[in-house]
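Structure file query.txt with compact mmCIF, C-alpha atoms (C1' of nucleotides):
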# COMPACT_ATOMS: atom_id res chain seq x y z
CA MET A 169 -6.45 83.95 -10.11
CA LYS A 170 -5.50 80.75 -11.93
CA GLU A 171 -5.80 77.37 -10.27
CA GLU A 172 -2.20 76.51 -10.98
CA GLN A 173 -1.02 79.59 -9.13
CA VAL A 174 -3.35 78.84 -6.21
CA ILE A 175 -1.95 75.31 -5.96
CA GLU A 176 1.56 76.73 -5.88
CA ALA A 177 0.49 79.16 -3.14
CA PHE A 178 -0.98 76.38 -1.01
CA GLY A 179 2.23 74.43 -1.48
CA ALA A 180 4.24 77.44 -0.36
CA LEU A 181 2.06 77.82 2.73
CA SER A 182 2.30 74.15 3.71
CA ASN A 183 5.66 74.52 5.46
CA GLN A 184 6.45 75.64 8.98
CA THR A 185 9.52 77.70 8.13
CA ARG A 186 7.67 79.57 5.41
CA LEU A 187 4.72 80.25 7.70
CA GLN A 188 7.19 81.72 10.20
CA VAL A 189 8.69 83.86 7.44
CA LEU A 190 5.22 85.07 6.52
CA ARG A 191 4.49 86.11 10.11
CA LYS A 192 7.81 87.95 10.37
CA LEU A 193 7.12 89.86 7.17
CA VAL A 194 3.60 90.71 8.34
CA GLU A 195 5.11 92.08 11.55
CA ALA A 196 7.66 94.05 9.57
CA GLY A 197 4.91 95.89 7.72
CA PRO A 198 5.25 97.83 4.46
CA GLU A 199 8.96 98.49 5.02
CA GLY A 200 9.63 94.81 4.57
CA MET A 201 12.66 92.97 5.84
CA LEU A 202 16.12 92.14 4.58
CA ALA A 203 16.72 88.51 3.64
CA GLY A 204 19.57 88.27 6.11
CA ASP A 205 17.46 89.67 8.93
CA VAL A 206 14.71 87.15 8.26
CA ALA A 207 17.31 84.38 8.27
CA GLU A 208 18.78 85.58 11.55
CA ALA A 209 15.38 86.08 13.16
CA LEU A 210 14.47 82.48 12.42
CA GLY A 211 17.89 80.93 12.97
CA ALA A 212 18.21 79.65 9.41
CA SER A 213 21.25 79.66 7.14
CA PRO A 214 21.32 82.23 4.30
CA SER A 215 20.98 79.57 1.65
CA ARG A 216 18.13 77.83 3.39
CA MET A 217 16.29 81.12 3.83
CA SER A 218 16.93 82.06 0.22
CA PHE A 219 15.32 78.79 -0.82
CA HIS A 220 12.18 79.45 1.21
CA LEU A 221 11.93 83.10 0.23
CA SER A 222 12.23 82.12 -3.43
CA THR A 223 9.47 79.55 -2.98
CA LEU A 224 7.21 82.18 -1.42
CA GLN A 225 8.01 84.65 -4.16
CA ALA A 226 7.42 82.16 -6.97
CA ALA A 227 4.01 81.56 -5.43
CA GLY A 228 3.35 85.31 -5.38
CA ILE A 229 2.97 85.48 -1.61
CA VAL A 230 5.89 87.86 -1.15
CA THR A 231 7.68 90.37 -3.34
CA SER A 232 11.36 91.25 -3.43
CA GLU A 233 13.33 94.36 -4.23
CA ARG A 234 17.04 94.85 -4.37
CA GLN A 235 18.42 97.61 -2.18
CA SER A 236 22.07 98.08 -2.99
CA ARG A 237 23.54 94.74 -2.05
CA GLN A 238 20.72 93.42 0.06
CA MET A 239 17.23 92.16 -0.74
CA ILE A 240 14.03 93.49 0.81
CA TYR A 241 11.11 91.09 1.08
CA ARG A 242 7.54 92.16 1.66
CA VAL A 243 4.21 90.35 2.08
CA ASN A 244 1.82 90.51 -0.86
CA PHE A 245 -1.50 90.74 0.98
CA GLN A 246 -3.32 91.12 -2.33
CA ALA A 247 -2.16 87.68 -3.46
CA ILE A 248 -3.06 86.06 -0.16
CA GLY A 249 -6.54 87.54 -0.42
CA GLU A 250 -6.89 86.16 -3.93
CA VAL A 251 -5.91 82.69 -2.80
CA MET A 252 -8.53 82.85 -0.07
CA ARG A 253 -11.11 84.18 -2.50
CA PHE A 254 -10.40 81.26 -4.84
CA LEU A 255 -10.87 78.75 -2.06
CA LEU A 256 -14.09 80.39 -0.89
CA GLN A 257 -15.70 81.27 -4.22
CA ASP A 258 -14.31 78.92 -6.83
CA CYS A 259 -13.92 75.79 -4.71
CA CYS A 260 -16.60 76.28 -2.07
CA LYS A 261 -19.13 78.25 -4.13
CA GLY A 262 -19.30 81.00 -1.53
CA ASN A 263 -20.38 78.68 1.26
CA ALA A 264 -21.58 80.70 4.28
CA THR A 265 -19.75 78.62 6.89
CA VAL A 266 -16.47 79.13 5.09
CA GLN A 267 -17.20 82.80 4.59
CA SER A 268 -17.73 83.24 8.32
CA CYS A 269 -13.93 82.98 8.72
CA CYS A 270 -13.83 86.70 7.99
CA GLY A 271 -16.64 87.40 10.39
CA PRO A 272 -16.72 88.40 14.10
CA MET B 114 -6.88 75.52 15.06
CA LYS B 115 -3.29 74.35 15.50
CA GLU B 116 -0.57 75.39 13.09
CA GLU B 117 0.42 71.79 12.40
CA GLN B 118 -3.10 71.00 11.25
CA VAL B 119 -3.23 74.11 9.10
CA ILE B 120 0.04 73.13 7.41
CA GLU B 121 -1.40 69.70 6.70
CA ALA B 122 -4.52 71.33 5.25
CA PHE B 123 -2.48 73.58 2.95
CA GLY B 124 -0.54 70.52 1.84
CA ALA B 125 -3.78 68.73 1.10
CA LEU B 126 -5.04 71.68 -0.94
CA SER B 127 -1.86 71.99 -2.98
CA ASN B 128 -2.78 69.29 -5.47
CA GLN B 129 -4.92 69.47 -8.56
CA THR B 130 -6.65 66.14 -8.13
CA ARG B 131 -7.59 66.95 -4.55
CA LEU B 132 -8.91 70.38 -5.55
CA GLN B 133 -11.08 68.64 -8.14
CA VAL B 134 -12.31 66.25 -5.46
CA LEU B 135 -13.14 69.19 -3.22
CA ARG B 136 -15.19 70.84 -5.96
CA LYS B 137 -17.07 67.60 -6.67
CA LEU B 138 -17.92 67.19 -2.99
CA VAL B 139 -19.04 70.81 -2.75
CA GLU B 140 -21.33 70.20 -5.73
CA ALA B 141 -22.65 67.03 -4.14
CA GLY B 142 -23.82 68.96 -1.09
CA PRO B 143 -24.69 67.54 2.32
CA GLU B 144 -25.52 64.13 0.90
CA GLY B 145 -21.89 63.65 0.06
CA MET B 146 -20.57 61.27 -2.56
CA LEU B 147 -19.43 57.67 -2.70
CA ALA B 148 -15.69 57.13 -3.07
CA GLY B 149 -16.24 55.12 -6.23
CA ASP B 150 -18.40 57.83 -7.76
CA VAL B 151 -15.77 60.48 -7.06
CA ALA B 152 -13.15 58.22 -8.65
CA GLU B 153 -15.30 57.67 -11.73
CA ALA B 154 -16.21 61.34 -12.04
CA LEU B 155 -12.54 62.27 -12.11
CA GLY B 156 -11.26 59.28 -14.08
CA ALA B 157 -8.98 58.06 -11.33
CA SER B 158 -8.34 54.50 -10.17
CA PRO B 159 -9.97 53.42 -6.87
CA SER B 160 -6.62 53.18 -5.11
CA ARG B 161 -5.44 56.54 -6.33
CA MET B 162 -8.70 58.17 -5.23
CA SER B 163 -8.51 56.42 -1.89
CA PHE B 164 -5.07 57.93 -1.40
CA HIS B 165 -6.27 61.46 -2.13
CA LEU B 166 -9.47 61.12 -0.10
CA SER B 167 -7.43 59.85 2.85
CA THR B 168 -5.07 62.79 2.53
CA LEU B 169 -8.02 65.21 2.57
CA GLN B 170 -9.57 63.44 5.51
CA ALA B 171 -6.35 63.38 7.52
CA ALA B 172 -6.18 67.13 6.98
CA GLY B 173 -9.76 67.50 8.23
CA ILE B 174 -11.06 68.92 4.97
CA VAL B 175 -13.49 66.08 4.35
CA THR B 176 -15.26 63.55 6.54
CA SER B 177 -16.11 59.94 5.77
CA GLU B 178 -18.86 57.59 6.80
CA ARG B 179 -19.32 53.97 5.92
CA GLN B 180 -22.63 53.05 4.32
CA SER B 181 -22.85 49.29 4.09
CA ARG B 182 -19.95 48.48 1.82
CA GLN B 183 -19.31 51.89 0.39
CA MET B 184 -17.85 55.07 1.82
CA ILE B 185 -19.56 58.46 1.77
CA TYR B 186 -17.32 61.50 1.71
CA ARG B 187 -18.46 65.01 2.57
CA VAL B 188 -16.82 68.44 2.65
CA ASN B 189 -16.07 69.85 6.09
CA PHE B 190 -16.78 73.53 5.48
CA GLN B 191 -16.12 74.29 9.14
CA ALA B 192 -12.51 73.11 8.82
CA ILE B 193 -11.94 75.06 5.62
CA GLY B 194 -13.24 78.18 7.34
CA GLU B 195 -10.85 77.60 10.23
CA VAL B 196 -7.90 77.26 7.89
CA MET B 197 -8.85 80.55 6.25
CA ARG B 198 -9.34 82.19 9.62
CA PHE B 199 -5.86 81.05 10.68
CA LEU B 200 -4.29 82.51 7.57
CA LEU B 201 -6.16 85.79 7.96
CA GLN B 202 -5.97 86.29 11.72
CA ASP B 203 -2.96 84.39 12.98
CA CYS B 204 -0.62 84.87 10.03
CA CYS B 205 -1.84 88.17 8.58
CA LYS B 206 -3.08 89.82 11.79
CA GLY B 207 -6.48 90.54 10.27
CA ASN B 208 -5.08 92.56 7.38
CA ALA B 209 -7.89 94.41 5.61
CA THR B 210 -6.72 93.60 2.08
CA VAL B 211 -6.71 89.90 2.87
CA GLN B 212 -10.05 90.17 4.61
CA SER B 213 -11.60 91.73 1.52
CA CYS B 214 -11.53 88.25 -0.05
CA CYS B 215 -14.84 87.65 1.65
CA GLY B 216 -16.20 90.99 0.53
CA PRO B 217 -18.27 92.07 -2.51
C1' DC C 291 41.33 96.66 -9.37
C1' DT C 292 40.95 94.17 -5.28
C1' DT C 293 38.47 92.98 -1.36
C1' DC C 294 34.43 92.52 1.31
C1' DC C 295 29.56 91.68 2.09
C1' DA C 296 24.78 89.96 1.14
C1' DT C 297 22.49 86.87 -1.36
C1' DT C 298 21.73 83.32 -4.69
C1' DT C 299 22.93 79.19 -7.19
C1' DC C 300 24.58 74.61 -7.44
C1' DA C 301 25.34 69.67 -6.46
C1' DA C 302 24.73 66.02 -3.40
C1' DT C 303 21.83 63.74 -0.16
C1' DG C 304 17.88 62.40 2.40
C1' DA C 305 12.88 62.85 3.07
C1' DT C 306 8.30 63.15 1.38
C1' DT C 307 4.75 62.69 -2.04
C1' DC C 308 2.39 60.51 -5.95
C1' DT C 309 1.25 56.70 -8.97
C1' DT C 310 0.55 51.89 -10.12
C1' DG C 311 -1.11 47.37 -9.65
C1' DA C 312 -1.59 43.48 -6.62
C1' DA C 313 -3.25 41.80 -2.32
C1' DA C 314 -6.05 42.39 1.82
C1' DT C 315 -10.31 43.89 4.27
C1' DA C 316 -15.18 44.67 5.05
C1' DT C 317 -19.76 43.93 3.84
C1' DA C 318 -23.55 42.12 1.25
C1' DT C 319 -25.87 38.38 -1.15
C1' DA C 320 -26.63 33.68 -3.25
C1' DT D 254 -20.16 28.92 3.25
C1' DA D 255 -18.83 30.69 -1.03
C1' DT D 256 -18.78 34.61 -4.03
C1' DA D 257 -19.13 39.26 -5.55
C1' DT D 258 -18.49 44.30 -4.68
C1' DA D 259 -16.43 48.60 -2.69
C1' DT D 260 -12.69 50.29 -0.67
C1' DT D 261 -8.28 50.35 1.56
C1' DT D 262 -3.57 48.84 2.27
C1' DC D 263 0.83 47.61 0.67
C1' DA D 264 5.23 47.58 -1.90
C1' DA D 265 7.90 49.40 -5.56
C1' DG D 266 9.44 53.12 -8.31
C1' DA D 267 9.42 57.91 -10.07
C1' DA D 268 9.06 62.64 -9.01
C1' DT D 269 9.28 66.53 -6.07
C1' DC D 270 10.88 68.96 -1.95
C1' DA D 271 14.14 70.31 1.84
C1' DT D 272 18.75 70.72 3.86
C1' DT D 273 23.68 71.35 3.66
C1' DG D 274 27.92 73.48 2.48
C1' DA D 275 30.69 75.15 -1.28
C1' DA D 276 31.02 78.13 -5.14
C1' DA D 277 29.24 81.96 -7.93
C1' DT D 278 27.04 86.57 -8.47
C1' DG D 279 26.01 91.53 -7.68
C1' DG D 280 27.19 95.56 -5.67
C1' DA D 281 29.93 98.75 -2.38
C1' DA D 282 34.09 100.52 -0.59
C1' DG D 283 39.04 100.80 0.11
Would you give me this structure, written as structure tokens?
Amino acid sequence: MKEEQVIEAFGALSNQTRLQVLRKLVEAGPEGMLAGDVAEALGASPSRMSFHLSTLQAAGIVTSERQSRQMIYRVNFQAIGEVMRFLLQDCCKGNATVQSCCGP
Amino acid sequence: MKEEQVIEAFGALSNQTRLQVLRKLVEAGPEGMLAGDVAEALGASPSRMSFHLSTLQAAGIVTSERQSRQMIYRVNFQAIGEVMRFLLQDCCKGNATVQSCCGP
DNA sequence: CTTCCATTTCAATGATTCTTGAAATATATA
DNA sequence: TATATATTTCAAGAATCATTGAAATGGAAG
């Protein structure tokens, strides 16, 4: 993964609303969630939610798919793993203390 | 680790200069690096580097110690691990694909 | 074809972040 | 005490980000 993309991902993750969106989409599982349902679940206006979902998608953290006239959003676990791998391997040279985050 | 602190950490990591600083400090190892040396290594002015080092420190990603009239900065691997753990466990509920970032 | 519904786009505004250079602070040394 | 060195703090300005509500878009259904 490229540094520029990782920086964008960290930027996307550095916001409370977007972290809440991420958790909702993780809960939702592989089926994903409609944009409007995410907005309602978090008490945000459609346009505000659209802004945050777009930010997450631009960063690669979620994907979107049109279903008739609504939009389904899903978490991209792959991308999140790659961001973490970059931080651990590229930035921290595989440091054991950092790596222990995945441990018991 | 608290969400607020994690958000601050992601914000700190979402900047090219600060990612470069992080790599330099990782290279430097446990001895750490003087603020002025980091600035010189990256071709940044003292005040600009002070700003970025302060941002990293406020986020917990680096620590600082005064040595006579200079400042030593060191990476806080523990904190980075906790940020990653938060993303994996709290946000992604331990998702296996994300977890594989630490794998082979 | 018109209307409705879900979502996005847009423009305006306020808030936050980054950079720059000057001034202030802290510490060492003559 | 005076002076030099390392770093931080401050103020100003530019750039980016977030929120709001109105308008535009894409698609379904009457």
**Message:** If the cut-off is 10 Å, can you tell me the residues of chain A near chain D, counting all atoms listed in the file? I'd like them as an MDAnalysis selection string.
**Reply:** chainID A and resid 213 215:216 219:220 235:238
**Request:** Tell me, in Å to one decimal, how far CA of Cys214 (chain B) is from CA of Gln170 (chain B).
**Result:**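 Interatomic distance here is 25.5 Å.
With distances restricted to all atoms listed in the file, A:Ile248 is the closest residue to Cys205 (chain B) from A:Ile248, A:Ala227, A:Ala203, A:Ala212.
You can rank C:DT319, C:DC308, C:DT292, C:DA314 by their closest distance to chain B using only C-alpha atoms (C1' of nucleotides), and at the top of that list sits C:DC308.
Contacts from chain C to chain A at a cut-off of 8 Å (only C-alpha atoms (C1' of nucleotides)) map to DC295, DA296, DT297 and DT298 of chain C.
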**Complete:** Min atom-atom distance to Thr231 (chain A) from the set A:Leu190, A:Cys270, A:Met169, A:Ala209, counting only C-alpha atoms, belongs to A:Leu190
**Message:** Quick one: residues within 7 Å of Ile175 (chain A), only C-alpha atoms (C1' of nucleotides), excluding same-chain residues fewer than 4 positions away - as a PyMOL selection string?
**Reply:** (chain A and resi 171+179) or (chain B and resi 126-128)
**Item:** CA of Tyr186 (chain B) to CA of Ala122 (chain B), distance in Å rounded to a single decimal
**Value:**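 Between CA of Tyr186 (chain B) and CA of Ala122 (chain B) the gap is 16.5 Å.
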Applying 6 Å and only C-alpha atoms (C1' of nucleotides), which residues near Ile185 (chain B) remain after dropping the ones on its own chain fewer than 5 positions away? List them as a tab-separated table (two decimals) with C-alpha atoms, keeping the file's coordinate frame.
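Written out: out07.tsv:
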chain	number	residue	atom	x	y	z
B	145	GLY	CA	-21.89	63.65	0.06
B	146	MET	CA	-20.57	61.27	-2.56
B	147	LEU	CA	-19.43	57.67	-2.70
B	177	SER	CA	-16.11	59.94	5.77
B	178	GLU	CA	-18.86	57.59	6.80
**Non-local contacts of Leu200 (chain B) (9 Å; all atoms listed in the file; under 6 positions in same chain excluded) as an NGL selection string** = (:A and (248 or 252)) or (:B and (119 or 206-207))
What are the centre and the three edge lengths of an axis-aligned box that wraps all atoms of region 297-312 of chain C in the file, given that 8 Å is added to every side, written as lines of an AutoDock Vina configuration file and rounded to one decimal in Å?
center_x = 11.9
center_y = 65.2
center_z = -3.5
size_x = 42.9
size_y = 59.4
size_z = 29.2
**Request:** Quote the spacing between CA of Glu176 (chain A) and CA of Val189 (chain A) in Å to one decimal place.
**Result:** 16.7 Å
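Distances here use only C-alpha atoms; by that measure, the residue among A:Val243, A:Val266, A:Val251, A:Leu224 closest to chain B is A:Val266.
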**Counting only C-alpha atoms, the option among B:Asn208, B:Ile174, B:Glu153, B:Arg187 closest to Ala141 (chain B)** =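 The closest residue to Ala141 (chain B) is B:Arg187.
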Mind writing region 185-250 of chain A to a file for me, with C-alpha atoms, as a compact mmCIF listing (two decimals), in the first residue's frame?
# COMPACT_ATOMS: atom_id res chain seq x y z
CA THR A 185 -18.55 10.23 13.35
CA ARG A 186 -16.57 8.14 10.88
CA LEU A 187 -15.39 5.79 13.61
CA GLN A 188 -19.04 5.31 14.58
CA VAL A 189 -19.90 4.61 10.95
CA LEU A 190 -17.12 2.04 10.81
CA ARG A 191 -18.45 0.24 13.88
CA LYS A 192 -21.98 0.20 12.47
CA LEU A 193 -20.76 -1.29 9.20
CA VAL A 194 -18.70 -3.88 11.06
CA GLU A 195 -21.83 -4.84 12.99
CA ALA A 196 -23.82 -5.02 9.78
CA GLY A 197 -21.47 -7.64 8.38
CA PRO A 198 -21.09 -8.65 4.72
CA GLU A 199 -24.62 -7.52 3.85
CA GLY A 200 -23.59 -3.95 4.46
CA MET A 201 -25.92 -1.11 5.26
CA LEU A 202 -27.91 1.46 3.34
CA ALA A 203 -26.63 5.03 3.52
CA GLY A 204 -29.93 6.22 4.91
CA ASP A 205 -29.94 3.57 7.62
CA VAL A 206 -26.44 4.52 8.71
CA ALA A 207 -27.52 8.16 8.83
CA GLU A 208 -30.59 7.33 10.90
CA ALA A 209 -28.68 5.01 13.22
CA LEU A 210 -26.25 7.80 14.04
CA GLY A 211 -28.71 10.69 13.98
CA ALA A 212 -26.96 12.51 11.14
CA SER A 213 -28.49 14.30 8.16
CA PRO A 214 -28.31 12.55 4.77
CA SER A 215 -25.88 15.10 3.39
CA ARG A 216 -23.63 14.97 6.41
CA MET A 217 -23.56 11.18 6.28
CA SER A 218 -22.89 11.24 2.55
CA PHE A 219 -19.89 13.44 3.21
CA HIS A 220 -18.43 11.06 5.78
CA LEU A 221 -19.19 7.93 3.77
CA SER A 222 -17.49 9.50 0.75
CA THR A 223 -14.45 10.32 2.85
CA LEU A 224 -14.25 6.73 4.08
CA GLN A 225 -14.68 5.40 0.57
CA ALA A 226 -12.05 7.70 -0.93
CA ALA A 227 -9.68 6.35 1.71
CA GLY A 228 -10.58 2.79 0.71
CA ILE A 229 -11.95 1.87 4.13
CA VAL A 230 -15.44 1.15 2.84
CA THR A 231 -16.92 0.18 -0.50
CA SER A 232 -20.23 1.19 -2.02
CA GLU A 233 -22.69 -0.43 -4.37
CA ARG A 234 -25.86 0.94 -5.82
CA GLN A 235 -28.97 -1.12 -5.21
CA SER A 236 -31.80 0.35 -7.23
CA ARG A 237 -32.14 3.79 -5.73
CA GLN A 238 -30.23 3.26 -2.54
CA MET A 239 -26.55 2.80 -1.75
CA ILE A 240 -25.09 -0.12 0.18
CA TYR A 241 -21.90 0.51 2.13
CA ARG A 242 -19.62 -2.22 3.40
CA VAL A 243 -16.38 -2.32 5.41
CA ASN A 244 -13.22 -3.14 3.48
CA PHE A 245 -11.37 -5.22 6.08
CA GLN A 246 -8.62 -5.90 3.57
CA ALA A 247 -7.77 -2.20 3.35
CA ILE A 248 -7.83 -1.74 7.11
CA GLY A 249 -5.43 -4.65 7.46
CA GLU A 250 -3.12 -3.08 4.91
